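A.B. asks: Quick one: the structure is below, and I'll ask about it shortly.
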Amino acid sequence: MKTKFKKGEYVVYDNVGVCQIVDITSMKFTYQSSEKMYYILSPEAKKESRVYVPVDNEKKVERMRYVMTEEELNQVIADAGSVCVEWTNDKAQRAQRFKEILAQKNQRHLIQLANCIHQKRNEMQAKGKRLSSTDEHFLKEAERFVDDEFSFSLKLDRKEVATYIRDRMEMCV
């Protein structure tokens, strides 16, 4: 069976993050009547874990994409510029919009979301206030997705990713 990805390649898979395809094999789980082909993924963050993605399940395979190159990531930063996601004071609407952005896993939008929340945090701190725990959660999730791929592709420590992005964004202004 022809597959989109090959053994040994690195992909980003849904909420899991960067994974290596350690095998593509036919397997039968107890709940299945026959064998199916699976991509077996090993998450970089938890190498001892395995994620099984059915090769013939288009919806699940669509959630896999190749890890971006340094050039592609720098273009994402340039495209994101200093643009922010629009902030709305309605917490429910804001949470819905932020969930949609996180679900898409679009690096440019994730960077814009993180920028927006950072700016709001700075505004609130200047007034002696704090972000809501929900907004902090969205920030943490956006940064996790960005840091995961950027640190892997650029061979940076996760703690260096924010500085790398900020420096590149300043170069674009």
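For the structure tokens, the naming scheme is as follows: chains receive sequential letters (A, B, ...) according to their order of presentation, residues are indexed from 1 within each chain, and ligands are indexed from 1 in presentation order.
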Excluding A:Gln107 and any residue of its chain fewer than 3 positions from it, enumerate the residues within 10 Å of it, using only C-alpha atoms, and give them as a PyMOL selection string.
C.D. replies: chain A and resi 68+73+76-77+80+101-102+104+110-113+142-143+145-146+149-150
A.B. asks: Would you put the residues from that selection into a file with N, CA, C and O atoms, as a CSV table (one decimal), in the first residue's frame?
C.D. replies:
chain,number,residue,atom,x,y,z
A,68,MET,N,8.0,21.9,9.7
A,68,MET,CA,8.5,23.0,8.9
A,68,MET,C,10.0,23.1,9.0
A,68,MET,O,10.6,22.8,10.0
A,73,LEU,N,9.7,28.4,8.8
A,73,LEU,CA,9.4,29.0,10.1
A,73,LEU,C,9.7,30.5,10.1
A,73,LEU,O,9.0,31.3,10.6
A,76,VAL,N,7.0,32.2,8.3
A,76,VAL,CA,5.8,32.3,9.2
A,76,VAL,C,5.9,33.5,10.2
A,76,VAL,O,5.0,34.2,10.3
A,77,ILE,N,7.1,33.7,10.7
A,77,ILE,CA,7.3,34.8,11.6
A,77,ILE,C,7.2,36.1,10.8
A,77,ILE,O,6.5,37.1,11.3
A,80,ALA,N,3.5,36.7,10.2
A,80,ALA,CA,2.8,37.0,11.4
A,80,ALA,C,3.0,38.5,11.8
A,80,ALA,O,2.1,39.2,12.3
A,101,ILE,N,-8.5,28.9,17.0
A,101,ILE,CA,-7.1,29.1,16.6
A,101,ILE,C,-6.2,27.9,17.0
A,101,ILE,O,-5.4,27.4,16.2
A,102,LEU,N,-6.3,27.5,18.2
A,102,LEU,CA,-5.5,26.4,18.7
A,102,LEU,C,-5.8,25.1,17.9
A,102,LEU,O,-4.9,24.3,17.6
A,104,GLN,N,-6.7,24.8,14.8
A,104,GLN,CA,-6.1,24.8,13.5
A,104,GLN,C,-4.7,24.5,13.4
A,104,GLN,O,-4.1,24.1,12.4
A,110,LEU,N,-1.0,31.0,15.6
A,110,LEU,CA,-0.6,30.8,17.0
A,110,LEU,C,0.3,31.9,17.5
A,110,LEU,O,0.2,32.3,18.7
A,111,ILE,N,1.3,32.3,16.7
A,111,ILE,CA,2.2,33.4,17.1
A,111,ILE,C,1.4,34.7,17.3
A,111,ILE,O,1.6,35.4,18.3
A,112,GLN,N,0.4,34.9,16.4
A,112,GLN,CA,-0.4,36.1,16.6
A,112,GLN,C,-1.2,36.1,17.9
A,112,GLN,O,-1.4,37.1,18.6
A,113,LEU,N,-1.7,34.9,18.2
A,113,LEU,CA,-2.5,34.7,19.4
A,113,LEU,C,-1.6,35.0,20.6
A,113,LEU,O,-2.0,35.7,21.5
A,142,ALA,N,-0.8,27.9,23.2
A,142,ALA,CA,-0.2,28.4,21.9
A,142,ALA,C,1.3,28.4,21.9
A,142,ALA,O,1.9,27.9,20.9
A,143,GLU,N,1.9,28.7,23.0
A,143,GLU,CA,3.3,28.7,23.2
A,143,GLU,C,3.9,27.2,23.1
A,143,GLU,O,4.9,27.0,22.5
A,145,PHE,N,2.6,24.7,21.4
A,145,PHE,CA,2.6,24.3,20.0
A,145,PHE,C,3.7,24.9,19.2
A,145,PHE,O,4.4,24.3,18.4
A,146,VAL,N,3.9,26.2,19.4
A,146,VAL,CA,5.0,26.9,18.7
A,146,VAL,C,6.3,26.4,19.1
A,146,VAL,O,7.2,26.1,18.3
A,149,GLU,N,7.5,22.8,17.7
A,149,GLU,CA,8.0,22.7,16.3
A,149,GLU,C,9.3,23.5,16.1
A,149,GLU,O,10.2,23.1,15.5
A,150,PHE,N,9.3,24.8,16.6
A,150,PHE,CA,10.4,25.7,16.4
A,150,PHE,C,11.7,25.1,17.1
A,150,PHE,O,12.7,25.1,16.5
A.B. asks: Please identify all polymer residues within 12 Å of A:Ser42, counting only C-alpha atoms, omitting same-chain residues fewer than 3 positions from it, and present them as a PyMOL selection string.
C.D. replies: chain A and resi 7-13+16-24+39+45-53
A.B. asks: Just the selected residues (C-alpha atoms), exported as an mmCIF file, in the first residue's frame, please.
C.D. replies:
data_model
loop_
_atom_site.group_PDB
_atom_site.id
_atom_site.type_symbol
_atom_site.label_atom_id
_atom_site.label_comp_id
_atom_site.auth_asym_id
_atom_site.auth_seq_id
_atom_site.Cartn_x
_atom_site.Cartn_y
_atom_site.Cartn_z
ATOM 1 C CA LYS A 7 9.262 5.527 7.997
ATOM 2 C CA GLY A 8 11.871 7.742 9.676
ATOM 3 C CA GLU A 9 10.229 11.046 8.680
ATOM 4 C CA TYR A 10 9.242 13.667 11.216
ATOM 5 C CA VAL A 11 5.710 15.047 11.288
ATOM 6 C CA VAL A 12 3.571 17.262 13.464
ATOM 7 C CA TYR A 13 0.490 15.349 14.575
ATOM 8 C CA VAL A 16 0.722 15.439 20.135
ATOM 9 C CA GLY A 17 3.305 17.685 18.462
ATOM 10 C CA VAL A 18 6.470 16.608 16.679
ATOM 11 C CA CYS A 19 6.707 12.849 16.133
ATOM 12 C CA GLN A 20 8.947 10.482 14.255
ATOM 13 C CA ILE A 21 7.296 7.809 12.140
ATOM 14 C CA VAL A 22 9.011 4.764 13.603
ATOM 15 C CA ASP A 23 7.101 2.232 11.545
ATOM 16 C CA ILE A 24 4.331 1.722 9.029
ATOM 17 C CA TYR A 39 1.637 4.857 10.995
ATOM 18 C CA ALA A 45 8.264 14.932 23.926
ATOM 19 C CA LYS A 46 7.529 11.373 25.132
ATOM 20 C CA LYS A 47 9.716 8.979 23.210
ATOM 21 C CA GLU A 48 8.433 5.956 25.145
ATOM 22 C CA SER A 49 4.864 6.655 23.954
ATOM 23 C CA ARG A 50 3.351 5.482 20.684
ATOM 24 C CA VAL A 51 0.533 6.948 18.613
ATOM 25 C CA TYR A 52 -1.230 4.735 16.063
ATOM 26 C CA VAL A 53 -2.712 6.493 13.038
#
A.B. asks: Please identify all polymer residues within 10 Å of A:Val161, counting only C-alpha atoms, omitting same-chain residues fewer than 4 positions from it, and present them as a compact mmCIF listing (two decimals) with C-alpha atoms, in the first residue's frame.
C.D. replies:
# COMPACT_ATOMS: atom_id res chain seq x y z
CA GLU A 143 3.34 28.68 23.16
CA VAL A 146 4.96 26.94 18.68
CA ASP A 147 7.85 25.97 20.96
CA ASP A 148 7.53 22.29 20.08
CA GLU A 149 8.03 22.69 16.34
CA PHE A 150 10.42 25.65 16.45
CA SER A 151 12.72 24.05 19.02
CA LEU A 154 15.85 25.03 14.75
CA LYS A 155 17.61 22.81 17.29
CA LEU A 156 16.93 25.35 20.02
CA ASP A 157 16.09 24.86 23.65
CA ILE A 165 10.72 34.80 17.35
CA ARG A 166 10.88 38.27 18.97
CA ASP A 167 14.28 38.96 17.38
A.B. asks: A:Asp56: which residues within 9 Å, counting only C-alpha atoms, same-chain residues fewer than 5 positions away excluded, as a CSV table (one decimal) with N, CA and C atoms, in the first residue's frame?
C.D. replies:
chain,number,residue,atom,x,y,z
A,3,THR,N,1.8,5.0,0.8
A,3,THR,CA,1.5,5.9,1.9
A,3,THR,C,2.1,7.3,1.7
A,36,LYS,N,-5.2,-3.7,9.7
A,36,LYS,CA,-5.1,-2.4,9.0
A,36,LYS,C,-3.7,-1.9,9.0
A,37,MET,N,-3.4,-1.0,8.1
A,37,MET,CA,-2.0,-0.4,8.1
A,37,MET,C,-2.1,0.8,9.0
A,38,TYR,N,-1.0,1.0,9.8
A,38,TYR,CA,-0.9,2.1,10.7
A,38,TYR,C,0.5,2.8,10.6
A,61,VAL,N,-5.1,11.2,9.1
A,61,VAL,CA,-3.9,11.5,8.3
A,61,VAL,C,-3.8,13.0,8.0
A.B. asks: List as a ChimeraX atom specification the protein and nucleic acid residues near A:Phe138, meaning an atom at most 12 Å away when only C-alpha atoms are counted, but skip any in the same chain fewer than 2 places from it.
C.D. replies: /A:94-103,110-111,113-118,131-136,140-145
A.B. asks: Take atom CA of A:Ser33 and atom CA of A:Glu58 and report the distance between them in Å, one decimal.
C.D. replies: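 Separating atom CA of A:Ser33 from atom CA of A:Glu58 is a distance of 19.8 Å.
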A.B. asks: Can you list every residue in chain A that DSSP puts in strand (DSSP E), as a ChimeraX atom specification?
C.D. replies: /A:10-13,17-27,36-43,51-54,64-66
A.B. asks: List every residue of stretch 65-163 of chain A that DSSP, applied to the backbone of this structure, assigns to helix (DSSP H, G or I), and report them as a VMD selection string.
C.D. replies: chain A and resid 70 to 80 91 to 104 107 to 126 133 to 154 158 to 163
A.B. asks: Looking at A:Ser153, A:Trp87, A:Glu70, A:Ala126, which one is nearest to A:Glu44, with distances taken over only C-alpha atoms?
C.D. replies: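 The shortest atom-to-atom distance to A:Glu44 comes from A:Ser153.
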A.B. asks: Go ahead and compute the interatomic distance for atom CA of A:Thr69 and atom CA of A:Val55, in Å to one decimal.
C.D. replies: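 Computing it gives 24.3 Å between the two atoms.
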A.B. asks: When you draw a straight line from atom CA of A:Asn57 to atom CA of A:Lys6, how long is it in Å?
C.D. replies: 16.2 Å
A.B. asks: With distances taken over only C-alpha atoms, which residue among A:Thr88, A:Asn15, A:Ser26, A:Asn122 lies nearest A:Pro54?
C.D. replies: A:Ser26
